[in-house]
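Working notes, beginning with the structure itself.
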Amino acid sequence: MRAAAEAAWVLLAGLGVWAVVCYTGMLPHPLLQLPALAVGVALFPLRRRFPSAVLLVLAALTGLAGCVGPVTAATAYTVSRRTVRARRRAGLLAAAATLLVVCATLAAPWLGPGPLPYGPALGLVLTPTAVLVPGLVGTSYGQQRRLVRALRERGDAAERARRLADSEARIHERSRIAAEMHDLVGHRLSLISLHAGGLELALQWADPELREEAVLVRRTTRDALRELRQALGVLGPLGRDTGPEALTDATGTRADIEALVAESRSGGIPVRLDWTGPDLTGRPAGVRRAVHRLVRESLTNVHRYAGAAHVAVSVAHGEETVRVTVRNGAPPAPRAPAGSLGSGRGLTGLRERVELLGGSFTAAALASGGFAVEAALPAEPADAPAVRREQPPPGTGGGAPVVPAPPGRRTAHVLTLALGMVALSTLMALGTLFVYATAPHRDAGPRPLPRLGMSYGEVMGAGVTDNAAVRAAAAGREPARPPGTAGCVYPFNGATESRPGSLAIARYCFDAGQRLIAVDRFTVPSVRDATPWEIP
C-alpha cells in the first residue's frame with residue numbers, strides 16, 4: 001500500500017511537470033516523453049533493492065525526458081538516506097549527475113530544445129533539482145536517523161550498566177548484612193560452645209552420662225560455627241573479614257549514633273542530633289544495624305559532596321516504626337571533584353537493606369540545594385525478609401517496550417517531503433521552460449526576402465507594406481509598369497537617398513491574381529526643405 005502511494009505521488013509530480021512544459025507548446029515531441037515517465041515509475045519501487053542501478057537509469061531517462069525528474073529526485077533521496085558509506089554515496093550522486101547531463105546533451109537535437117549547446121544547459125538545470133538537492137537532503141536525514149539510533153543504543157547501554165551497578169550494590173549490601181550476621185551468630189555460638197565446655201568439665205565426675213551430652217553440644221556448636229564460616233566464605237573478603245568497622249551489640253543504639261555525630265563534628269561538619277523516644281537496645285540487631293548504616297553512610301556522603309554544610313540527624317523511635325532522617329543544607333561552595341569520591345552506590349545499598357527489613361527508603365535533592373535521606377523501619381521486622389523483585393535491564397525482554405515515533409512526527413515528516421517534492425517539481429518546470437524559451441526555434445531567423453511568384457499576403461508577411469509618401473514621390477517619375485500589372489506597392493524600407501538629390505525606390509508589382517510579377521528599383525529626384533537661413 002505504501003509503495004503504491006509513493007509511486008502514484010511521483011507519477012502525479014512527473015505528469016505535472018510534463019503538463020506545464022507541454023502547455024507552452026515548446027516540446028518538439030511531447031508524447032514521446034510519456035513512455036519514459038512510465039518506465040521511470042515502473043523502476044521506482046525497485047530503488048531499495050537495486051539502488052545504484054535504478055538511480056543511474058532514472059538519471060539517464062531524466063536527460064531524455066525532463067518529466068522523469070520528480071521520480072529521479074525521490075530515488076536520489078531514498079538512496080542517499082540508506083547509503084552509509086560517504087564515498088560511495090558521493091560517487092553515486094556524481095555519476096548520476098554526469099549521466100543526466102550527457103544524456104540531455106545527446107538528446108537535445110531530437111528530443112530537447114534543439115541546438116546542441118542548449119542540451120548541457122538543460123542538463124545543468126535539471127541536475128540540482130533531480131539529483132543533488134534530494135541527495136543532500138537524504139544524506140542529512142539518514143545521518144540524523146543513524147545518530148539518533150546510536151544515541152538511543154548508547155542510552156540503553158548506559159541504563160543496562162546502571163542497573164547492573166545497582167544490582168552489584170545490592171549484592172554488596174547483602175554480603176555486608178551476611179557478614180554482620182556472621183559476627184552476631186558466631187559470637188552466640190562461641191558462647192554456647194564455651195558454656196558447653198564448662199558444663200562438660202563440671203559433669204566429668206558428677207554425671208558421666210550427662211557429660212557426653214555436653215560434649216555433643218560443644219562439638220555440634222563447633223561444627224555449626226565452622227560450617228557457617230565456610231558458607232559465608234563464598235561472599236569474598238567482605239564475608240570473611242568485616243575489618244575495623246565490625247559491628248557489635250551496641251551498634252545502632254543512641255550512644256553509637258552520638259559517637260558517629262561526634263566524629264563528624266570533629267571532622268568540621270556542624271551536625272545536630274534529635275533523638276525522640278527510647279533507646280534501641282531492645283530492638284532486633286537488624287534494625288539497629290540499619291539505623292547505624294543509614295546515619296554513617298549519610299554523614300559520609302556529606303563529607304564527600306557537601307563539606308561544611310549544616311546537617312540535621314533525626315531518629316524517631318515509636319512503638320511500631322523507627323524513622324531516620326538525615327538532611328543537609330546547600331554547601332557554602334561547590335566541592336571540587338576528587339579521586340577519593342565513592343562509587344555513588346551507597347544509597348542503593350541502603351535502599352536494599354531497608355527494603356529487606358520491610359521498610360521504605362527515599363533519597364532526593366532539596367529545592368534549597370541540599371539533600372535528604374529518609375527511612376522508615378519496622379520496629380519488629382517479620383521473620384522472613386521482604387524479597388525485592390529485580391527489574392531486568394532494557395532490551396532483555398523485561399524492560400520498557402520501545403515507544404514508536406508519535407503519529408504527529410510522522411505526519412510532519414510526510415508533509416515536509418510532499419512540499420519538498422512540489423517545490424522541486426516547480427523548479428524543474430521553470431528551469432525547463434527557461435532553457436526552451438532561450439533556445440532558437442526551428443522557424444526563427446530573418447524573414448525570407450520577397451521573390452517572384454509569391455502571393456500578396458506572403459509579400460506582406462515578409463514586411464513589405466505600401467507607403468503613401470513613397471508612392472507620391474514616385475508618381476510621374478517612375479518607369480513604365482510591366483505588362484499585366486494590376487497594382488504596385490511602394491514600401492518605405494526600399495526608399496533610401498542614394499546620393500544628395502536622388503531617392504532610391506523599390507516597386508513591387510502584382511498581376512490580377514495578386515502574384516508578384518516584378519520588383520523594380522529606380523531613383524527619382526528628391527525634394528529637400530530649405531534651411532532657415534536660406535529663406536529670403
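Chain labels follow the order of the C-alpha cells: the first chain is A, the next B, and so on; residue numbering restarts at 1 in every chain, and ligands are counted from 1 in their shown order.
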- [ ] Extract, using only C-alpha atoms, all DNA, RNA and protein residues at most 8 Å from A:Ser526, discarding same-chain residues fewer than 4 positions from it, and format them as a PyMOL selection string.
- [x] chain A and resi 473+497+501-503
Please produce a file of those selected residues containing C-alpha atoms, as a short mmCIF file (atom, residue, chain, number, x, y, z; two decimals), in the first residue's frame.
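The result, written out as out.cif:
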data_model
loop_
_atom_site.label_atom_id
_atom_site.label_comp_id
_atom_site.auth_asym_id
_atom_site.auth_seq_id
_atom_site.Cartn_x
_atom_site.Cartn_y
_atom_site.Cartn_z
CA ALA A 473 7.40 60.63 -54.63
CA GLU A 497 18.55 58.52 -50.53
CA GLY A 501 19.10 64.99 -54.53
CA SER A 502 18.08 61.47 -55.57
CA LEU A 503 15.83 58.88 -53.81
#
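By only C-alpha atoms, and with residues fewer than 5 positions from stretch 128-144 of chain A along its chain excluded, the set lying at most 7 Å from it is Gly69, Pro70, Thr72, Ala73, Ala76, Tyr77, Thr78, Ser80, Arg81, Arg82, Leu93, Ala97, Leu424 and Met428 of chain A.
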Could you turn the residues from that selection into a file that holds N, CA and C atoms, as a CSV table (one decimal), in the first residue's frame?
chain,number,residue,atom,x,y,z
A,69,GLY,N,12.1,13.8,-13.9
A,69,GLY,CA,12.9,14.4,-12.8
A,69,GLY,C,12.3,14.1,-11.5
A,70,PRO,N,11.0,14.3,-11.2
A,70,PRO,CA,10.5,14.0,-9.9
A,70,PRO,C,10.7,12.6,-9.4
A,72,THR,N,13.3,10.7,-10.3
A,72,THR,CA,14.7,10.6,-10.0
A,72,THR,C,15.0,11.3,-8.7
A,73,ALA,N,14.3,12.4,-8.4
A,73,ALA,CA,14.6,13.1,-7.1
A,73,ALA,C,14.2,12.3,-5.9
A,76,ALA,N,16.8,9.6,-5.6
A,76,ALA,CA,18.1,10.1,-5.1
A,76,ALA,C,18.0,10.3,-3.5
A,77,TYR,N,16.8,10.8,-3.1
A,77,TYR,CA,16.6,11.0,-1.7
A,77,TYR,C,16.7,9.6,-0.9
A,78,THR,N,16.0,8.6,-1.4
A,78,THR,CA,16.0,7.3,-0.7
A,78,THR,C,17.3,6.7,-0.7
A,80,SER,N,20.3,8.1,-1.0
A,80,SER,CA,21.3,8.8,-0.2
A,80,SER,C,21.0,8.6,1.3
A,81,ARG,N,19.7,8.5,1.7
A,81,ARG,CA,19.4,8.2,3.1
A,81,ARG,C,19.8,6.9,3.5
A,82,ARG,N,19.7,5.9,2.7
A,82,ARG,CA,20.1,4.5,3.1
A,82,ARG,C,21.5,4.1,2.9
A,93,LEU,N,26.1,9.8,-6.5
A,93,LEU,CA,25.4,11.1,-6.9
A,93,LEU,C,26.2,11.8,-8.1
A,97,ALA,N,24.6,12.6,-11.8
A,97,ALA,CA,24.5,13.9,-12.3
A,97,ALA,C,25.3,14.0,-13.7
A,424,LEU,N,10.5,21.1,-5.8
A,424,LEU,CA,11.4,20.6,-6.8
A,424,LEU,C,10.8,20.5,-8.1
A,428,MET,N,11.9,22.4,-11.5
A,428,MET,CA,12.2,21.7,-12.8
A,428,MET,C,11.4,22.2,-13.9
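Ranking A:Arg327, A:Leu189, A:Pro500, A:Glu200 by their shortest atom-to-atom distance to A:Glu227, with only C-alpha atoms included, puts A:Leu189 first.
Nearest residue to A:Val21 among A:Ser455, A:Thr362, A:Thr523, A:Gln33 is A:Gln33, counting only C-alpha atoms.
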Task: Nearest candidate to A:Ala104 (options A:Thr62, A:Ser193, A:Thr75, A:Thr321; using only C-alpha atoms) - done: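 Checking each candidate against A:Ala104, we get A:Thr62 as the closest.
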- [ ] Please give the complete set of residues from stretch 273-389 of chain A that DSSP, run on the backbone, assigns to helix (DSSP H, G or I), formatted as a PyMOL selection string.
- [x] chain A and resi 285-305+346-356
- [ ] Name all residues at most 9 Å from stretch 211-226 of chain A (count only C-alpha atoms; drop same-chain ones fewer than 5 positions away) and give them as number ranges by chain.
- [x] A: 185-186, 189-190, 192-206, 231
How would the residues just chosen look if you wrote them out with C-alpha atoms as a JSON list (two decimals), in the first residue's frame?
[["chain", "number", "residue", "atom", "x", "y", "z"],
["A", 185, "VAL", "CA", 25.68, -15.65, 65.20],
["A", 186, "GLY", "CA", 29.34, -16.58, 65.55],
["A", 189, "LEU", "CA", 27.71, -19.92, 69.00],
["A", 190, "SER", "CA", 31.06, -19.23, 70.66],
["A", 192, "ILE", "CA", 27.26, -21.72, 73.59],
["A", 193, "SER", "CA", 30.44, -23.70, 72.92],
["A", 194, "LEU", "CA", 32.15, -22.05, 75.88],
["A", 195, "HIS", "CA", 29.31, -22.86, 78.26],
["A", 196, "ALA", "CA", 29.07, -26.39, 76.90],
["A", 197, "GLY", "CA", 32.80, -26.91, 77.61],
["A", 198, "GLY", "CA", 32.36, -25.67, 81.20],
["A", 199, "LEU", "CA", 29.40, -27.97, 81.66],
["A", 200, "GLU", "CA", 31.49, -30.83, 80.27],
["A", 201, "LEU", "CA", 34.18, -30.25, 82.89],
["A", 202, "ALA", "CA", 31.64, -29.91, 85.69],
["A", 203, "LEU", "CA", 29.92, -33.18, 84.79],
["A", 204, "GLN", "CA", 33.10, -35.13, 84.21],
["A", 205, "TRP", "CA", 32.91, -36.77, 87.71],
["A", 206, "ALA", "CA", 29.40, -35.83, 88.79],
["A", 231, "ALA", "CA", 29.14, -20.85, 53.84]]
TODO: Can you work out the spacing between atom CA of A:Leu151 and atom CA of A:Leu164 in Å, to one decimal?
DONE: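 Computed distance, atom CA of A:Leu151 to atom CA of A:Leu164, equals 19.6 Å.
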- [ ] In Å, rounded to a single decimal, give me how far atom CA of A:Val41 is from atom CA of A:Leu11.
- [x] 6.4 Å
- [ ] With a distance cut-off of 6 Å and only C-alpha atoms, select the neighbouring residues of stretch 478-491 of chain A, excluding the residue or stretch itself and same-chain residues fewer than 5 positions from it, and output the selection as a PyMOL selection string.
- [x] chain A and resi 464-467+471+507-512
